[in-house]
>>> print(open('data-v6.cif').read())   # mmCIF, C-alpha atoms and all ligand atoms
data_start
#
loop_
_atom_site.label_atom_id
_atom_site.label_comp_id
_atom_site.auth_asym_id
_atom_site.auth_seq_id
_atom_site.Cartn_x
_atom_site.Cartn_y
_atom_site.Cartn_z
CA MET A 1 -14.47 -54.82 5.76
CA ALA A 2 -11.93 -54.01 8.43
CA GLU A 3 -9.48 -53.16 5.64
CA LEU A 4 -11.97 -50.75 4.06
CA ILE A 5 -12.61 -49.02 7.38
CA SER A 6 -8.88 -48.78 7.92
CA LYS A 7 -8.42 -47.22 4.46
CA LEU A 8 -11.21 -44.73 5.12
CA GLU A 9 -9.70 -43.81 8.47
CA THR A 10 -6.29 -43.33 6.88
CA LYS A 11 -7.87 -41.09 4.25
CA LYS A 12 -9.64 -39.10 6.96
CA ILE A 13 -6.45 -38.76 8.99
CA ASN A 14 -4.50 -37.63 5.92
CA HIS A 15 -7.19 -35.05 5.18
CA ILE A 16 -7.00 -33.73 8.75
CA ILE A 17 -3.19 -33.55 8.56
CA GLN A 18 -3.40 -31.68 5.26
CA LYS A 19 -5.92 -29.18 6.66
CA THR A 20 -3.82 -28.71 9.79
CA GLN A 21 -0.74 -27.99 7.67
CA GLN A 22 -2.67 -25.45 5.61
CA VAL A 23 -3.90 -23.67 8.75
CA ALA A 24 -0.37 -23.73 10.24
CA GLN A 25 1.00 -22.21 7.04
CA LYS A 26 -1.60 -19.42 7.13
CA ILE A 27 -0.78 -18.70 10.78
CA ASP A 28 2.93 -18.68 9.93
CA ILE A 29 2.40 -16.20 7.08
CA PHE A 30 0.14 -14.01 9.21
CA CYS A 31 2.54 -13.89 12.17
CA SER A 32 5.61 -13.26 10.04
CA ALA A 33 3.75 -10.46 8.22
CA ILE A 34 2.81 -8.80 11.51
CA LEU A 35 6.41 -9.12 12.71
CA LEU A 36 7.76 -7.59 9.49
CA GLN A 37 5.26 -4.74 9.64
CA THR A 38 6.38 -3.95 13.18
CA TRP A 39 10.07 -4.40 12.41
CA ARG A 40 10.09 -2.25 9.26
CA ARG A 41 8.48 0.67 11.11
CA MET A 42 10.95 0.44 13.99
CA ASN A 43 13.83 0.08 11.57
CA TYR A 44 12.69 3.15 9.67
CA ILE A 45 12.61 5.26 12.82
CA PHE A 46 16.24 4.43 13.62
CA ASN A 47 17.71 4.03 10.12
CA LYS A 48 15.98 6.60 7.91
CA GLN A 49 19.12 7.64 6.06
CA GLU A 50 20.23 4.10 5.34
CA ILE A 51 16.76 3.19 4.12
CA HIS A 52 16.50 6.17 1.78
CA SER A 53 19.91 5.28 0.46
CA SER A 54 18.99 1.63 -0.16
CA LEU A 55 15.80 2.73 -1.92
CA LYS A 56 17.98 4.20 -4.68
CA ARG A 57 19.00 0.64 -5.56
CA ARG A 58 15.39 -0.52 -5.93
CA GLN A 59 14.61 -1.61 -9.46
CA GLY A 60 11.51 -2.69 -11.30
CA ASN A 61 7.96 -1.57 -10.82
CA CYS A 62 4.96 -2.37 -8.75
CA LEU A 63 2.89 -4.94 -10.65
CA ARG A 64 -0.23 -3.87 -8.75
CA CYS A 65 -0.93 -7.36 -7.52
CA GLY A 66 -2.05 -5.87 -4.20
CA ARG A 67 -0.69 -8.77 -2.22
CA CYS A 68 1.48 -6.63 0.04
CA CYS A 69 -1.65 -4.64 0.93
CA GLN A 70 -3.15 -7.74 2.47
CA ALA A 71 -0.11 -9.56 3.80
CA SER A 72 -1.64 -9.73 7.28
CA PHE A 73 -4.94 -7.86 7.38
CA LYS A 74 -6.48 -6.60 4.16
CA CYS A 75 -6.06 -2.85 3.93
CA GLN A 76 -9.38 -0.99 4.01
CA HIS A 77 -8.19 1.22 1.14
CA LEU A 78 -7.46 -1.64 -1.22
CA GLU A 79 -9.68 -2.07 -4.26
CA TYR A 80 -9.27 -3.76 -7.63
CA ASP A 81 -10.11 -2.40 -11.05
CA LYS A 82 -11.96 -4.33 -13.75
CA ASN A 83 -8.66 -5.81 -14.95
CA GLY A 84 -7.90 -7.21 -11.50
CA LEU A 85 -5.18 -4.68 -10.78
CA SER A 86 -5.00 -3.22 -7.31
CA LEU A 87 -6.09 0.33 -6.67
CA CYS A 88 -5.32 2.30 -3.55
CA LYS A 89 -8.27 4.52 -2.64
CA VAL A 90 -5.92 6.94 -0.88
CA TYR A 91 -3.01 6.67 -3.32
CA ASP A 92 -2.16 10.39 -3.17
CA GLN A 93 -2.02 10.35 0.60
CA LYS A 94 -1.00 6.78 1.22
CA PRO A 95 1.11 6.10 4.29
CA LEU A 96 4.86 6.45 3.91
CA MET A 97 5.42 2.81 4.89
CA CYS A 98 3.31 1.73 1.90
CA SER A 99 5.25 3.93 -0.53
CA LEU A 100 8.55 2.60 0.75
CA TYR A 101 7.73 -1.10 0.41
CA PRO A 102 10.10 -2.86 -0.11
CA TYR A 103 12.79 -0.46 1.10
CA ASN A 104 15.66 -2.96 0.94
CA GLU A 105 16.33 -6.62 0.15
CA ASP A 106 15.20 -7.69 3.62
CA ASP A 107 12.00 -5.70 3.56
CA TYR A 108 9.80 -8.24 1.82
CA PHE A 109 6.99 -10.34 3.17
CA PHE A 110 8.82 -13.61 2.69
CA HIS A 111 5.99 -15.31 0.80
CA LEU A 112 5.75 -12.36 -1.63
CA LYS A 113 9.41 -11.79 -2.44
CA PRO A 114 9.54 -14.03 -5.54
CA THR A 115 6.51 -12.42 -7.17
CA CYS A 116 6.96 -8.76 -6.26
CA GLY A 117 7.82 -6.50 -9.19
CA TYR A 118 10.46 -4.64 -7.19
CA LYS A 119 13.95 -6.10 -7.04
CA TYR A 120 17.29 -5.09 -5.62
CA ASP A 121 20.39 -5.09 -7.76
CA ASP A 122 22.13 -7.92 -5.93
CA GLU A 123 19.26 -10.36 -6.38
S1 LIG A 201 3.71 -7.11 -3.71
FE1 LIG A 201 5.13 -5.83 -4.94
S2 LIG A 201 4.22 -5.85 -7.01
FE2 LIG A 201 2.61 -6.53 -5.59
S3 LIG A 201 1.47 -4.65 -5.04
FE3 LIG A 201 3.08 -4.96 -3.49
S4 LIG A 201 4.80 -3.73 -4.21
FE4 LIG A 201 3.43 -4.02 -5.97
#
>>> encode(input="data-v6.cif", output="structure tokens")
Amino acid sequence: MAELISKLETKKINHIIQKTQQVAQKIDIFCSAILLQTWRRMNYIFNKQEIHSSLKRRQGNCLRCGRCCQASFKCQHLEYDKNGLSLCKVYDQKPLMCSLYPYNEDDYFFHLKPTCGYKYDDE
């Protein structure tokens, strides 16, 4: 009986550890996304020319996954069509920072870099 209780407690503890790790990972992603969003705006203010130059090396296309539009908070203009592809409700007037994403090889939300349709030539 004591062994069973011990097994159950171990299972419970493992479950708590797993949940804690998941929450920590979400917090990590959220915080890093906020930091990148702040950094990329600041960087753009001071390095416009360099950024427009690096954009010329951008290859590929947006796959319309919409994940960058909800890297931290979900954008209020984000919608999905019936095929599950993202739609920007203000596409024609969308903010410059959205159009420029990702503007160089460092301008990716780290958890989205492998799946984003845009690539840089040295990757
Ligand atoms: S993460 Fe990349 S592929 Fe997905 S919507 Fe953003 S720019 Fe497009």
>>> atom_distance(input="data-v6.cif", atom1="atom CA of Lys94 of chain A", atom2="atom CA of Gly60 of chain A")
20.1 Å
>>> closest_residue(input="data-v6.cif", among="A:Cys62, A:Ala71, A:Leu55, A:Leu4", to="Phe109 of chain A", atoms="all atoms listed in the file")
A:Ala71
>>> residues_around(input="data-v6.cif", residues="segment 49-52 of chain A", least_positions_apart="4", cutoff="10 Å", atoms="only C-alpha atoms", output="list in words")
Asn43, Tyr44, Ile45, Lys56, Arg57, Leu100, Pro102, Tyr103 and Asn104 of chain A
>>> residues_near_ligand(input="data-v6.cif", ligand="ligand LIG 201 (chain A)", cutoff="9 Å", atoms="all atoms listed in the file", output="VMD selection string")
chain A and resid 61 to 69 71 85 to 86 98 to 102 108 to 109 112 to 113 115 to 118
>>> closest_residue(input="data-v6.cif", among="A:Ser53, A:Ser6, A:Gln70, A:Thr38", to="His111 of chain A", atoms="only C-alpha atoms")
A:Gln70
>>> atom_distance(input="data-v6.cif", atom1="atom CA of Ser54 of chain A", atom2="atom CA of Asp92 of chain A")
23.1 Å
>>> residues_around(input="data-v6.cif", residues="Cys88 of chain A", least_positions_apart="5", cutoff="8 Å", atoms="only C-alpha atoms", output="ChimeraX atom specification")
/A:77-79,94
>>> atom_distance(input="data-v6.cif", atom1="atom CA of Cys75 of chain A", atom2="atom CA of Leu35 of chain A")
16.5 Å
>>> closest_residue(input="data-v6.cif", among="A:Lys82, A:Lys19, A:Arg58, A:Lys74", to="Tyr120 of chain A", atoms="all atoms listed in the file")
A:Arg58
>>> closest_residue(input="data-v6.cif", among="A:Arg41, A:Lys12, A:Lys26, A:Lys7", to="Asp107 of chain A", atoms="all atoms listed in the file")
A:Arg41
